[in-house]
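For reference, the structure is listed below as structure tokens.
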Amino acid sequence: METQIDTLKSLAKSELFEILNYWSFETIDNKNGGFIGEIDYKNYKNFDAPKGSVLHARILWSFSAAFEITNDEKHKSLAKRAFDYIVSNFYDSQFGGIFWSINADGSPRETKNQIYAIAFTIYGLTEYYKISKDKKALDLAIDLYKKIELHSYDNLKEGYFEAFTRDWQPIEDLRLSEKDANEKKTMNTHLHIVEAYANLYSVWKNVDLKFKIAKILHVIDVYFIDKKTWHLKLFFDENWVEKPDVISYGHDIEAAWLLQWCAEVIADKPLIEKYQNYAVEIAKVTKEGIDVDGGLWYEFDPKENKLIAEKHWWPQSELLIGMVNAYQLTQDKEFLLIAEKNFEFIEKYILDKVNGEWIWGINQDYSPIQKDKAGFWKCPYHNSRACIELIKRL
């Protein structure tokens with residue numbers, strides 16, 4: 001087991017530097033500022049593409065979190081570049097929100113306040129504050145937290161609404177992406193709100209914030225975790241009526257370890273114990289979605305009894321952390337073996353050994369999915385975080 005642990009840690013450290021190198025040298029937008037909005041499968045750089053707030057917030061988080069391991073001043077300077085660009089271009093100084101997207105020249109494009117994007121901005125800002133101690137970053141994170149609480153929190157039924165117009169009015173299209181259901185409360189947004197709040201609490205020990213984190217963990221426990229199947233329920237209306245959808249294996253295993261971490265950040269012993277138990281149960285059921293090659297399938301549609309037979313990059317990243325976490329909780333070496341085999345799958349099929357970084361994923365026949373290498377959703381956050389977590393945990 002010691003050999004397996006050492007191997008995994010060595011692979012994680014090596015791959016972290018590969019990921020950081022790609023984002024350090026391939027994604028800088030020296031023409032328009034910030035980072036390039038789109039790099040395609042063949043590594044073609046579109047300097048005229050719109051830029052996403054989620055992309056920049058995740059870049060901010062990744063370089064900030066990595067700096068605590070690498071101590072490389074270049075990584076710190078790139079975190080600062082992301083921070084400065086977010087403040088100058090994505091922050092809406094008029095209404096106090098975050099633009100969903102901007103044009104290549106930095107002008108506002110889609111100005112809606114998507115709570116998911118604001119949560120990721122808080123996550124990035126607070127990680128940057130850890131390495132910079134720049135009070136401007138912490139103050140902005142606190143301000144955005146207060147905006148979410150003021151506008152998004154449902155005082156009647158609990159939970160958080162998905163999106164608003166620029167001036168915080170109701171909006172018809174609440175979806176994160178075209179594949180999502182247009183519902184008012186989603187697992188994905190709640191997961192990343194509590195993640196952002198926990199990271200904020202780690203640098204700002206506010207009593208009300210701690211209470212809010214515990215409350216979100218309670219809401220997730222009651223509504224989003226199916227205690228019969230141990231899969232997550234994804235979409236609800238404002239009255240918590242579920243709108244059944246697919247099983248998302250990546251979100252299942254991401255939630256397994258991440259919710260436990262949130263409980264640990266606020267040092268709530270009953271919640272820690274509860275979410276440790278949940279982490280193991282969800283890790284067990286996630287094995288349903290693992291193929292014989294070690295890769296994690298994307299989704300399963302119970303209504304159609306149909307597998308969405310793709311293996312995307314980000315569920316593999318979350319599987320690594322979730323299985324190592326389950327091993328730490330149980331000392332069951334099967335979980336560690338799953339992580340080891342998954343890393344072998346990633347190395348064989350997901351790593352781009354020519355241009356660097358990870359491809360979007362593969363189809364059932366092992367042909368590559370020819371989507372962005374960098375873009376609105378293809379960011380360094382999942383895979384760099386997987387490497388960082390494995391280095392810390394092992």
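Chain labels run A, B, ... following the order of the structure tokens; each chain numbers its residues from 1, and ligands are numbered from 1 in the order shown.
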
Set the distance at 12 Å and use only C-alpha atoms: which residues neighbour Lys306 of chain A once local chain neighbours fewer than 6 positions away are removed? I'd like the list as a ChimeraX atom specification.
/A:246-247,297-300

Taking the DSSP secondary structure from the backbone, can you list the residues of segment 51-215 of chain A that are helix (DSSP H, G or I), as a PyMOL selection string?
chain A and resi 53-70+73-90+115-132+135-151+187-201+207-215

Counting only C-alpha atoms, figure out which residue out of A:Asn103, A:Thr121, A:Ser384, A:Thr189 gets nearest to Val87 of chain A.
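The closest residue to Val87 of chain A is A:Thr121.
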
Pick the closest to Cys387 of chain A from A:Leu16, A:Ile59, A:Leu176, A:Ile359: which is it, counting only C-alpha atoms?
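Checking each candidate against Cys387 of chain A, we get A:Leu16 as the closest.
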
Spatial neighbours of Gly106 of chain A, max dist 8 Å, only C-alpha atoms, sep filter under 3 positions, as a list in words
Asn32, Asn89, Ile102 and Asn103 of chain A

Export of prior selection with C-alpha atoms as a PDB file, in the first residue's frame:
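Output file selection_4.pdb is given in full below:
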ATOM      1  CA  ASN A  32      -6.768  41.793 -24.651  1.00  0.00           C
ATOM      2  CA  ASN A  89     -13.800  43.537 -16.040  1.00  0.00           C
ATOM      3  CA  ILE A 102     -17.632  39.685 -21.321  1.00  0.00           C
ATOM      4  CA  ASN A 103     -16.440  40.338 -24.869  1.00  0.00           C
TER       5      ASN A 103
END

Tell me which protein, DNA and RNA residues are within 12 Å of Lys157 of chain A, counting only C-alpha atoms, leaving out same-chain ones fewer than 4 positions away, and put them as a PyMOL selection string.
chain A and resi 152-153+161+184-185+219+223+236-241

For C-alpha atoms, I'd like the residues from the last selection saved as a compact mmCIF listing (two decimals), in the first residue's frame.
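And here is the file that came out, part.txt:
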# COMPACT_ATOMS: atom_id res chain seq x y z
CA SER A 152 -30.75 34.67 -3.75
CA TYR A 153 -31.68 33.15 -0.40
CA PHE A 161 -32.46 30.71 -6.37
CA LYS A 184 -35.12 27.56 -9.64
CA LYS A 185 -33.06 25.42 -7.25
CA VAL A 219 -30.77 21.69 3.11
CA TYR A 223 -33.43 17.60 -0.37
CA PHE A 236 -36.18 21.31 -7.92
CA ASP A 237 -38.74 24.07 -8.29
CA GLU A 238 -39.09 26.84 -5.71
CA ASN A 239 -41.29 24.62 -3.50
CA TRP A 240 -38.81 21.74 -3.45
CA VAL A 241 -40.77 19.60 -5.89

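Considering the residues A:Ile193, A:Lys227, A:Pro302, A:Tyr278 and counting only C-alpha atoms, Lys215 of chain A has its shortest atom-to-atom contact with A:Ile193.
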
Between A:Tyr116, A:Ser202, A:Glu178, A:Ile39, which residue has the minimum interatomic distance to Ile148 of chain A, considering only C-alpha atoms?
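Closest candidate: A:Tyr116.
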
Find, counting only C-alpha atoms, the residue in A:Asn355, A:Met1, A:Trp313, A:Ser177 that gets nearest to Asp332 of chain A.
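Counting only C-alpha atoms, the residue closest to Asp332 of chain A is A:Met1.
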
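Using only C-alpha atoms for every distance, the candidate list A:Asp139, A:Glu149, A:Asp252, A:Asp352 yields A:Asp252 as the residue closest to Glu288 of chain A.
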